[in-house]
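> If it helps, the file is called my_file-v6.json and holds JSON, C-alpha atoms:
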[["chain", "number", "residue", "atom", "x", "y", "z"],
["A", 117, "MET", "CA", -1.43, -12.12, 22.94],
["A", 118, "SER", "CA", 1.90, -12.96, 21.39],
["A", 119, "ILE", "CA", 3.37, -11.71, 18.10],
["A", 120, "VAL", "CA", 4.05, -14.18, 15.30],
["A", 121, "GLN", "CA", 6.60, -13.48, 12.57],
["A", 122, "VAL", "CA", 5.68, -14.94, 9.20],
["A", 123, "THR", "CA", 8.73, -16.28, 7.37],
["A", 124, "SER", "CA", 9.54, -18.50, 4.41],
["A", 125, "ASP", "CA", 9.39, -21.45, 6.79],
["A", 126, "ASN", "CA", 5.81, -20.93, 8.00],
["A", 127, "ILE", "CA", 4.07, -18.80, 5.36],
["A", 128, "ALA", "CA", 2.38, -21.83, 3.79],
["A", 129, "ARG", "CA", 0.42, -22.53, 6.99],
["A", 130, "GLU", "CA", -0.01, -19.02, 8.39],
["A", 131, "HIS", "CA", -2.85, -16.74, 7.30],
["A", 132, "ILE", "CA", -1.84, -13.29, 6.09],
["A", 133, "CYS", "CA", -4.67, -11.50, 7.85],
["A", 134, "CYS", "CA", -6.32, -9.04, 5.50],
["A", 135, "ALA", "CA", -8.09, -11.46, 3.14],
["A", 136, "MET", "CA", -8.39, -14.54, 5.27],
["A", 137, "SER", "CA", -12.21, -14.77, 5.06],
["A", 138, "ASP", "CA", -12.85, -13.33, 1.58],
["A", 139, "LYS", "CA", -13.44, -16.12, -0.92],
["A", 140, "LYS", "CA", -13.03, -13.77, -3.89],
["A", 141, "ALA", "CA", -9.46, -13.03, -2.82],
["A", 142, "GLN", "CA", -8.15, -16.55, -2.37],
["A", 143, "HIS", "CA", -6.12, -16.55, -5.59],
["A", 144, "GLY", "CA", -4.88, -13.11, -4.59],
["A", 145, "VAL", "CA", -3.77, -14.54, -1.25],
["A", 146, "SER", "CA", -1.59, -17.06, -3.09],
["A", 147, "LEU", "CA", -0.09, -14.27, -5.19],
["A", 148, "LYS", "CA", 0.51, -12.16, -2.09],
["A", 149, "LYS", "CA", 2.27, -15.05, -0.37],
["A", 150, "GLU", "CA", 4.50, -15.51, -3.43],
["A", 151, "TRP", "CA", 5.25, -11.79, -3.37],
["A", 152, "LEU", "CA", 6.08, -11.92, 0.35],
["A", 153, "ALA", "CA", 8.32, -14.95, -0.07],
["A", 154, "CYS", "CA", 10.43, -13.03, -2.57],
["A", 155, "ARG", "CA", 10.51, -9.92, -0.38],
["A", 156, "PHE", "CA", 11.68, -11.91, 2.66],
["A", 157, "GLN", "CA", 14.92, -12.36, 0.76],
["A", 158, "GLU", "CA", 15.17, -8.56, 0.54],
["A", 159, "GLY", "CA", 14.65, -7.95, 4.24],
["A", 160, "LEU", "CA", 10.86, -7.68, 4.54],
["A", 161, "VAL", "CA", 9.46, -8.46, 7.98],
["A", 162, "PHE", "CA", 5.84, -9.53, 8.44],
["A", 163, "LYS", "CA", 4.58, -9.67, 12.02],
["A", 164, "LYS", "CA", 1.05, -10.27, 13.22],
["A", 165, "LEU", "CA", -0.94, -10.89, 16.33],
["A", 166, "ASP", "CA", -1.36, -14.58, 17.12],
["A", 167, "ALA", "CA", -5.10, -14.38, 16.57],
["A", 168, "LYS", "CA", -7.59, -14.83, 13.74],
["A", 169, "GLY", "CA", -7.86, -11.12, 13.10],
["A", 170, "LYS", "CA", -6.54, -8.38, 10.84],
["A", 171, "VAL", "CA", -3.71, -7.19, 13.06],
["A", 172, "PHE", "CA", -0.34, -7.00, 11.34],
["A", 173, "ILE", "CA", 2.58, -4.90, 10.15],
["A", 174, "GLU", "CA", 4.96, -5.26, 7.20],
["A", 175, "TYR", "CA", 8.22, -3.35, 6.90],
["A", 176, "LEU", "CA", 11.48, -3.59, 4.97],
["A", 177, "PRO", "CA", 14.60, -1.58, 4.07],
["A", 178, "ALA", "CA", 13.36, 1.49, 2.19],
["A", 179, "GLU", "CA", 15.88, 0.79, -0.58],
["A", 180, "ASN", "CA", 13.83, -2.32, -1.39],
["A", 181, "ALA", "CA", 10.38, -0.78, -0.95],
["A", 182, "TRP", "CA", 7.97, -0.90, -3.89],
["A", 183, "VAL", "CA", 7.33, 2.82, -3.60],
["A", 184, "PRO", "CA", 8.85, 5.84, -5.42],
["A", 185, "ILE", "CA", 10.81, 7.29, -2.49],
["A", 186, "ASP", "CA", 14.41, 8.19, -1.74],
["A", 187, "ALA", "CA", 15.06, 7.10, 1.83],
["A", 188, "PRO", "CA", 18.50, 5.48, 2.15],
["A", 189, "ASP", "CA", 19.13, 3.71, 5.46],
["A", 190, "TYR", "CA", 15.49, 4.04, 6.55],
["A", 191, "THR", "CA", 12.89, 1.36, 7.21],
["A", 192, "PHE", "CA", 9.68, 1.61, 5.20],
["A", 193, "ILE", "CA", 6.34, 0.48, 6.64],
["A", 194, "ASN", "CA", 4.73, -1.30, 3.73],
["A", 195, "CYS", "CA", 1.40, -2.09, 5.39],
["A", 196, "PHE", "CA", 0.04, -1.61, 8.92],
["A", 197, "TRP", "CA", -3.46, -2.67, 9.82],
["A", 198, "VAL", "CA", -5.43, -3.15, 13.04],
["A", 199, "SER", "CA", -9.14, -3.66, 12.51],
["A", 200, "GLY", "CA", -12.41, -4.46, 14.20],
["A", 201, "SER", "CA", -12.52, -5.43, 17.84],
["A", 202, "TYR", "CA", -8.72, -5.36, 18.05],
["A", 203, "LYS", "CA", -8.62, -1.58, 17.82],
["A", 204, "GLY", "CA", -7.97, 0.42, 20.97],
["A", 205, "GLN", "CA", -6.31, -2.43, 22.85],
["A", 206, "GLY", "CA", -2.68, -1.48, 22.31],
["A", 207, "TYR", "CA", -1.95, -4.05, 19.62],
["A", 208, "GLY", "CA", -1.07, -1.40, 17.06],
["A", 209, "ALA", "CA", 1.43, 0.16, 19.45],
["A", 210, "GLN", "CA", 2.84, -3.29, 20.16],
["A", 211, "LEU", "CA", 3.39, -3.99, 16.46],
["A", 212, "LEU", "CA", 4.82, -0.53, 15.80],
["A", 213, "GLN", "CA", 7.22, -1.03, 18.68],
["A", 214, "GLU", "CA", 8.43, -4.23, 17.01],
["A", 215, "CYS", "CA", 9.24, -2.17, 13.91],
["A", 216, "ILE", "CA", 10.97, 0.53, 15.99],
["A", 217, "ARG", "CA", 13.05, -2.04, 17.85],
["A", 218, "ASP", "CA", 14.12, -3.74, 14.61],
["A", 219, "SER", "CA", 15.04, -0.36, 13.10],
["A", 220, "GLU", "CA", 17.16, 1.10, 15.91],
["A", 221, "SER", "CA", 20.32, 0.90, 13.82],
["A", 222, "LYS", "CA", 18.65, 2.75, 10.92],
["A", 223, "ALA", "CA", 18.29, 6.47, 10.27],
["A", 224, "GLY", "CA", 14.57, 6.15, 11.00],
["A", 225, "ILE", "CA", 11.23, 4.85, 9.75],
["A", 226, "VAL", "CA", 9.05, 6.16, 6.92],
["A", 227, "ALA", "CA", 5.47, 5.52, 5.85],
["A", 228, "VAL", "CA", 3.02, 6.84, 3.27],
["A", 229, "SER", "CA", -0.21, 8.34, 4.57],
["A", 230, "SER", "CA", -2.57, 11.21, 3.81],
["A", 231, "HIS", "CA", -3.55, 14.55, 5.31],
["A", 232, "LYS", "CA", -6.94, 13.02, 6.16],
["A", 233, "LYS", "CA", -8.21, 9.50, 6.78],
["A", 234, "ARG", "CA", -8.46, 7.46, 3.58],
["A", 235, "PRO", "CA", -9.01, 3.76, 2.82],
["A", 236, "TYR", "CA", -5.90, 1.61, 2.37],
["A", 237, "LEU", "CA", -3.67, 4.16, 4.13],
["A", 238, "SER", "CA", -2.74, 4.04, 7.81],
["A", 239, "GLU", "CA", -3.98, 7.10, 9.67],
["A", 240, "LYS", "CA", -1.61, 10.04, 9.86],
["A", 241, "SER", "CA", -2.86, 10.96, 13.35],
["A", 242, "TYR", "CA", -1.75, 7.59, 14.69],
["A", 243, "TYR", "CA", 1.74, 7.99, 13.30],
["A", 244, "VAL", "CA", 2.00, 11.56, 14.60],
["A", 245, "LYS", "CA", 0.97, 10.33, 18.04],
["A", 246, "HIS", "CA", 3.99, 8.01, 17.93],
["A", 247, "GLY", "CA", 6.53, 10.63, 16.92],
["A", 248, "PHE", "CA", 6.25, 10.77, 13.13],
["A", 249, "GLU", "CA", 6.18, 14.02, 11.18],
["A", 250, "VAL", "CA", 5.53, 15.02, 7.57],
["A", 251, "CYS", "CA", 8.73, 15.27, 5.52],
["A", 252, "ASP", "CA", 7.33, 15.48, 1.97],
["A", 253, "THR", "CA", 4.11, 15.46, -0.03],
["A", 254, "ALA", "CA", 2.94, 14.18, -3.41],
["A", 255, "PRO", "CA", -0.26, 15.17, -5.19],
["A", 256, "PRO", "CA", -3.10, 14.94, -4.83],
["A", 257, "TYR", "CA", -3.11, 14.03, -1.13],
["A", 258, "PHE", "CA", -0.20, 11.73, -0.23],
["A", 259, "GLU", "CA", 2.17, 12.52, 2.62],
["A", 260, "LEU", "CA", 5.49, 10.92, 3.52],
["A", 261, "LEU", "CA", 5.91, 10.58, 7.27],
["A", 262, "VAL", "CA", 9.16, 10.00, 9.11],
["A", 263, "LYS", "CA", 10.27, 9.07, 12.60],
["A", 264, "ARG", "CA", 13.95, 9.98, 12.72],
["A", 265, "PHE", "CA", 16.53, 8.24, 14.88],
["A", 266, "ASP", "CA", 19.53, 10.00, 13.33],
["A", 267, "PRO", "CA", 18.95, 13.79, 13.24],
["A", 268, "ASP", "CA", 21.83, 14.20, 10.81],
["A", 269, "ALA", "CA", 20.48, 11.79, 8.21],
["A", 270, "PRO", "CA", 18.95, 13.32, 5.05],
["A", 271, "LEU", "CA", 15.18, 13.55, 5.16],
["A", 272, "PRO", "CA", 13.34, 11.04, 2.97],
["A", 273, "ARG", "CA", 11.66, 12.36, -0.16],
["A", 274, "PHE", "CA", 9.18, 11.24, -2.76],
["A", 275, "LYS", "CA", 10.80, 10.77, -6.15],
["A", 276, "GLU", "CA", 9.71, 13.15, -8.89],
["A", 277, "SER", "CA", 7.82, 10.32, -10.59],
["A", 278, "ALA", "CA", 5.51, 10.11, -7.55],
["A", 279, "LYS", "CA", 4.52, 13.74, -8.14],
["A", 280, "GLN", "CA", 3.85, 13.18, -11.82],
["A", 281, "GLN", "CA", 0.33, 11.74, -11.40],
["A", 282, "THR", "CA", -0.01, 11.08, -15.12],
["A", 283, "VAL", "CA", 0.46, 8.23, -17.57],
["A", 284, "ALA", "CA", 1.39, 9.26, -21.08],
["A", 285, "ASP", "CA", -0.66, 8.59, -24.21],
["A", 286, "SER", "CA", -3.45, 6.81, -22.36],
["A", 287, "GLU", "CA", -7.14, 7.05, -23.13],
["A", 288, "GLY", "CA", -9.80, 5.61, -20.89],
["A", 289, "LEU", "CA", -9.07, 3.87, -17.61],
["A", 290, "VAL", "CA", -5.56, 2.68, -16.75],
["A", 291, "VAL", "CA", -4.93, 0.77, -13.52],
["A", 292, "LEU", "CA", -1.43, 0.23, -12.15],
["A", 293, "TYR", "CA", -1.24, -2.47, -9.50],
["A", 294, "THR", "CA", 0.94, -5.06, -7.80],
["A", 295, "ASP", "CA", 0.53, -8.30, -5.86],
["A", 296, "GLN", "CA", 1.27, -6.46, -2.59],
["A", 297, "CYS", "CA", -2.47, -6.59, -1.82],
["A", 298, "PRO", "CA", -4.42, -9.85, -2.10],
["A", 299, "PHE", "CA", -7.50, -7.97, -3.33],
["A", 300, "THR", "CA", -6.00, -6.49, -6.50],
["A", 301, "ASP", "CA", -6.09, -9.77, -8.42],
["A", 302, "HIS", "CA", -9.88, -10.08, -8.23],
["A", 303, "TYR", "CA", -10.74, -6.40, -8.60],
["A", 304, "THR", "CA", -8.58, -5.90, -11.67],
["A", 305, "GLY", "CA", -10.52, -8.69, -13.31],
["A", 306, "GLU", "CA", -14.29, -8.82, -13.58],
["A", 307, "GLU", "CA", -14.88, -5.45, -11.90],
["A", 308, "LEU", "CA", -12.82, -3.62, -14.53],
["A", 309, "ASP", "CA", -14.53, -5.71, -17.22],
["A", 310, "ALA", "CA", -17.89, -4.46, -15.91],
["A", 311, "ILE", "CA", -16.71, -0.84, -16.06],
["A", 312, "GLU", "CA", -15.46, -1.28, -19.62],
["A", 313, "GLN", "CA", -18.74, -2.81, -20.76],
["A", 314, "ALA", "CA", -20.98, -0.30, -18.97],
["A", 315, "TYR", "CA", -19.18, 2.85, -20.11],
["A", 316, "GLY", "CA", -17.73, 1.72, -23.42],
["A", 317, "ILE", "CA", -14.27, 3.00, -22.50],
["A", 318, "PRO", "CA", -10.93, 1.27, -22.99],
["A", 319, "VAL", "CA", -9.53, -0.29, -19.83],
["A", 320, "LYS", "CA", -5.86, -1.12, -19.49],
["A", 321, "ARG", "CA", -4.25, -3.08, -16.67],
["A", 322, "VAL", "CA", -0.56, -2.55, -15.92],
["A", 323, "LYS", "CA", 0.89, -4.95, -13.37],
["A", 324, "LEU", "CA", 4.13, -3.80, -11.75],
["A", 325, "THR", "CA", 6.27, -6.90, -11.31],
["A", 326, "THR", "CA", 9.61, -5.49, -10.14],
["A", 327, "LYS", "CA", 10.66, -3.04, -7.46],
["A", 328, "GLU", "CA", 12.38, -0.94, -10.13],
["A", 329, "GLN", "CA", 9.06, -0.44, -11.90],
["A", 330, "ALA", "CA", 7.35, 0.43, -8.63],
["A", 331, "GLN", "CA", 10.13, 2.78, -7.53],
["A", 332, "ASN", "CA", 9.61, 4.82, -10.69],
["A", 333, "ALA", "CA", 5.81, 4.70, -10.76],
["A", 334, "PRO", "CA", 3.76, 7.84, -11.48],
["A", 335, "SER", "CA", 1.92, 7.57, -8.16],
["A", 336, "ALA", "CA", 2.96, 7.49, -4.51],
["A", 337, "PHE", "CA", 0.74, 4.43, -3.97],
["A", 338, "THR", "CA", 1.83, 1.53, -6.14],
["A", 339, "THR", "CA", -0.43, -1.20, -4.74],
["A", 340, "TYR", "CA", -3.26, 0.19, -6.86],
["A", 341, "SER", "CA", -3.63, 3.49, -8.70],
["A", 342, "ALA", "CA", -6.26, 4.37, -11.30],
["A", 343, "PHE", "CA", -5.84, 6.98, -14.04],
["A", 344, "TYR", "CA", -8.48, 8.31, -16.41],
["A", 345, "ASN", "CA", -7.42, 9.86, -19.72],
["A", 346, "GLY", "CA", -3.88, 9.92, -18.36],
["A", 347, "ARG", "CA", -4.62, 11.65, -15.06],
["A", 348, "PHE", "CA", -4.64, 10.12, -11.58],
["A", 349, "VAL", "CA", -8.11, 9.74, -10.09],
["A", 350, "THR", "CA", -7.83, 7.40, -7.08],
["A", 351, "HIS", "CA", -5.69, 4.94, -5.17],
["A", 352, "GLU", "CA", -8.79, 3.11, -3.93],
["A", 353, "ILE", "CA", -9.59, -0.26, -5.48],
["A", 354, "LEU", "CA", -12.42, 0.29, -7.95],
["A", 355, "THR", "CA", -15.64, -1.62, -8.27],
["A", 356, "LYS", "CA", -18.32, -0.87, -10.84],
["A", 357, "ALA", "CA", -20.37, 0.84, -8.11],
["A", 358, "LYS", "CA", -17.43, 3.03, -7.04],
["A", 359, "PHE", "CA", -16.73, 4.02, -10.62],
["A", 360, "ASP", "CA", -20.39, 4.99, -11.07],
["A", 361, "LYS", "CA", -19.94, 7.56, -8.29],
["A", 362, "LEU", "CA", -16.55, 8.65, -9.60],
["A", 363, "TRP", "CA", -17.78, 9.17, -13.15],
["A", 364, "ASN", "CA", -19.66, 12.39, -12.39],
["A", 365, "THR", "CA", -16.62, 13.91, -10.67],
["A", 366, "LEU", "CA", -14.21, 13.35, -13.55],
["A", 367, "GLY", "CA", -15.37, 16.55, -15.25],
["A", 368, "GLU", "CA", -13.10, 17.83, -18.00],
["A", 369, "THR", "CA", -10.95, 14.70, -17.74],
["A", 370, "ARG", "CA", -13.71, 12.99, -19.72],
["A", 371, "GLY", "CA", -13.46, 15.51, -22.52]]
Could you quickly redo this structure as structure tokens?

Amino acid sequence: MSIVQVTSDNIAREHICCAMSDKKAQHGVSLKKEWLACRFQEGLVFKKLDAKGKVFIEYLPAENAWVPIDAPDYTFINCFWVSGSYKGQGYGAQLLQECIRDSESKAGIVAVSSHKKRPYLSEKSYYVKHGFEVCDTAPPYFELLVKRFDPDAPLPRFKESAKQQTVADSEGLVVLYTDQCPFTDHYTGEELDAIEQAYGIPVKRVKLTTKEQAQNAPSAFTTYSAFYNGRFVTHEILTKAKFDKLWNTLGETRG
């Protein structure tokens, strides 16, 4: 199958893969498309398989990435997803090769992952298989991976803010999020309302609307990060059911 590049010219008629069949995320899809349209002007590339499946990659100059990293002259992989029946057929390698080819004049490519498989993060083992290595870490489990083309270029690093993992003077649940993911719009709405009502805790939503805000965020994952009583608890999008399970693990953070 062929690769399609989504651009400002065709984004209105092209699906953006990850939320194409989820009715709850349709407003989020519109917000994501608006976000992409602005990022195209900053060098973001969105390529996907020409099929009705979740098979795509997004990448852009790391200087413009909405992530707290220092990686001048690198390309940053913003999102990379191959799901369902499309796995194991070489489509991921095909998309990654598109990114590599487009980045040959750069110092290399960077991506955020984790030491073990986690939702919303591309698998570290896949990147390692394709020549990436760990160049920095940020608590509690984030890893910055790099594939270097220029051995003399400085290694990318997380900014100190990414290692902070705290938000000051915050009681209850605080969620930082962006429009990078079409699901955040819905799940920062009624799901957080349900948590607030069930547990009687304050819930604050903080939407990051500029790359400068994201590049100085207190978490390595800016698409969605949840903090409880000021401390990071998860990068996974919360539902009431997920928070029910999380509640018993918060321990002294609840004190």
> Under the rule of at most 6 Å, produce a per-residue listing of range 215-312 of chain A near range 137-152 of chain A: chain, number, name, the closest pair of atoms, and the distance in Å, as CSV, using only C-alpha atoms.

residue,atom,partner,partner_atom,distance
A:Asp295,CA,A:Lys148,CA,5.4
A:Gln296,CA,A:Lys148,CA,5.8
A:Pro298,CA,A:Gly144,CA,4.1
A:Phe299,CA,A:Ala141,CA,5.5
A:Asp301,CA,A:Gly144,CA,5.2
> Tell me, as a count of residues only, which residues lie within 12 Å of Pro318 in chain A, counting all atoms listed in the file; anything in the same chain fewer than 4 positions away does not count.
16
> With all atoms listed in the file as the atoms that count, which of A:Lys356, A:Arg347, A:Lys275, A:Lys361 lies nearest to Gln331 in chain A?
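Result for the nearest residue to Gln331 in chain A: A:Lys275.
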> Choose the residue, out of A:Asn180, A:Gln121, A:Asp218, A:Ala187, that has the smallest atom-to-atom separation from Phe162 in chain A; count only C-alpha atoms.
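Answer, going by the shortest atom-to-atom distance: A:Gln121.
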> Could you state the separation of CA of Gly204 in chain A and CA of Val120 in chain A in Å, given to one decimal place?
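Distance between the two atoms: 19.7 Å.
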> I'd like the interatomic distance between CA of Lys320 in chain A and CA of Ser230 in chain A, to a tenth of an Å.
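If I compute the distance from CA of Lys320 in chain A to CA of Ser230 in chain A, I get 26.6 Å.
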> Set the distance at 10 Å and use only C-alpha atoms: which residues neighbour Lys327 in chain A once local chain neighbours fewer than 4 positions away are removed? I'd like the list as a list of chain:residue names.
A:Arg155, A:Glu179, A:Asn180, A:Ala181, A:Trp182, A:Val183, A:Pro184, A:Thr294, A:Gln331, A:Asn332, A:Ala333
> Would you mind telling me which residue in A:Ile216, A:Ile119, A:Val226, A:Ala128 lies nearest to Val171 in chain A when using all atoms listed in the file?
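Closest residue, counting all atoms listed in the file: A:Ile119.
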> Please, what distance in Å, to one decimal, runs between CA of Ser335 in chain A and CA of Tyr236 in chain A?
14.4 Å
> Set the distance at 10 Å and use all atoms listed in the file: which residues neighbour Ala223 in chain A once local chain neighbours fewer than 5 positions away are removed? I'd like the list as a CSV table (one decimal) with C-alpha atoms, in the coordinates of the input.

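What landed in part_28.csv:
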chain,number,residue,atom,x,y,z
A,187,ALA,CA,15.1,7.1,1.8
A,188,PRO,CA,18.5,5.5,2.2
A,189,ASP,CA,19.1,3.7,5.5
A,190,TYR,CA,15.5,4.0,6.6
A,191,THR,CA,12.9,1.4,7.2
A,262,VAL,CA,9.2,10.0,9.1
A,263,LYS,CA,10.3,9.1,12.6
A,264,ARG,CA,14.0,10.0,12.7
A,265,PHE,CA,16.5,8.2,14.9
A,266,ASP,CA,19.5,10.0,13.3
A,267,PRO,CA,19.0,13.8,13.2
A,268,ASP,CA,21.8,14.2,10.8
A,269,ALA,CA,20.5,11.8,8.2
A,270,PRO,CA,19.0,13.3,5.0
A,271,LEU,CA,15.2,13.6,5.2
A,272,PRO,CA,13.3,11.0,3.0
> Extract, using all atoms listed in the file, all DNA, RNA and protein residues at most 12 Å from Leu165 in chain A, discarding same-chain residues fewer than 3 positions from it, and format them as a ChimeraX atom specification.
/A:117-122,130-133,162,168-173,196-199,202,205-212,214
> When distances are computed from all atoms listed in the file, which of A:Val322, A:Ala336, A:Leu354, A:Ile127 shows the smallest separation from Glu307 in chain A?
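Closest residue, counting all atoms listed in the file: A:Leu354.
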> With a cut-off of 12 Å, could you pull out the residues of range 271-345 of chain A touching range 237-244 of chain A and give me the nearest pair of atoms for each, distance in Å to one decimal, using all atoms listed in the file, ordered by chain and ascending number, as a tab-separated table?

residue	atom	partner	partner_atom	distance
A:Ala336	CA	A:Leu237	CA	11.4
A:Phe337	CA	A:Leu237	CA	9.2
A:Thr338	CA	A:Leu237	CA	11.9
A:Thr339	CA	A:Leu237	CA	10.9
A:Tyr340	CA	A:Leu237	CA	11.7
> Mind giving me the axis-aligned box for range 154-173 of chain A with 3 Å on every side, centre plus edges in Å to one decimal, as AutoDock Vina command-line options?

--center_x 3.7 --center_y -9.9 --center_z 7.3 --size_x 29.0 --size_y 15.9 --size_z 25.7
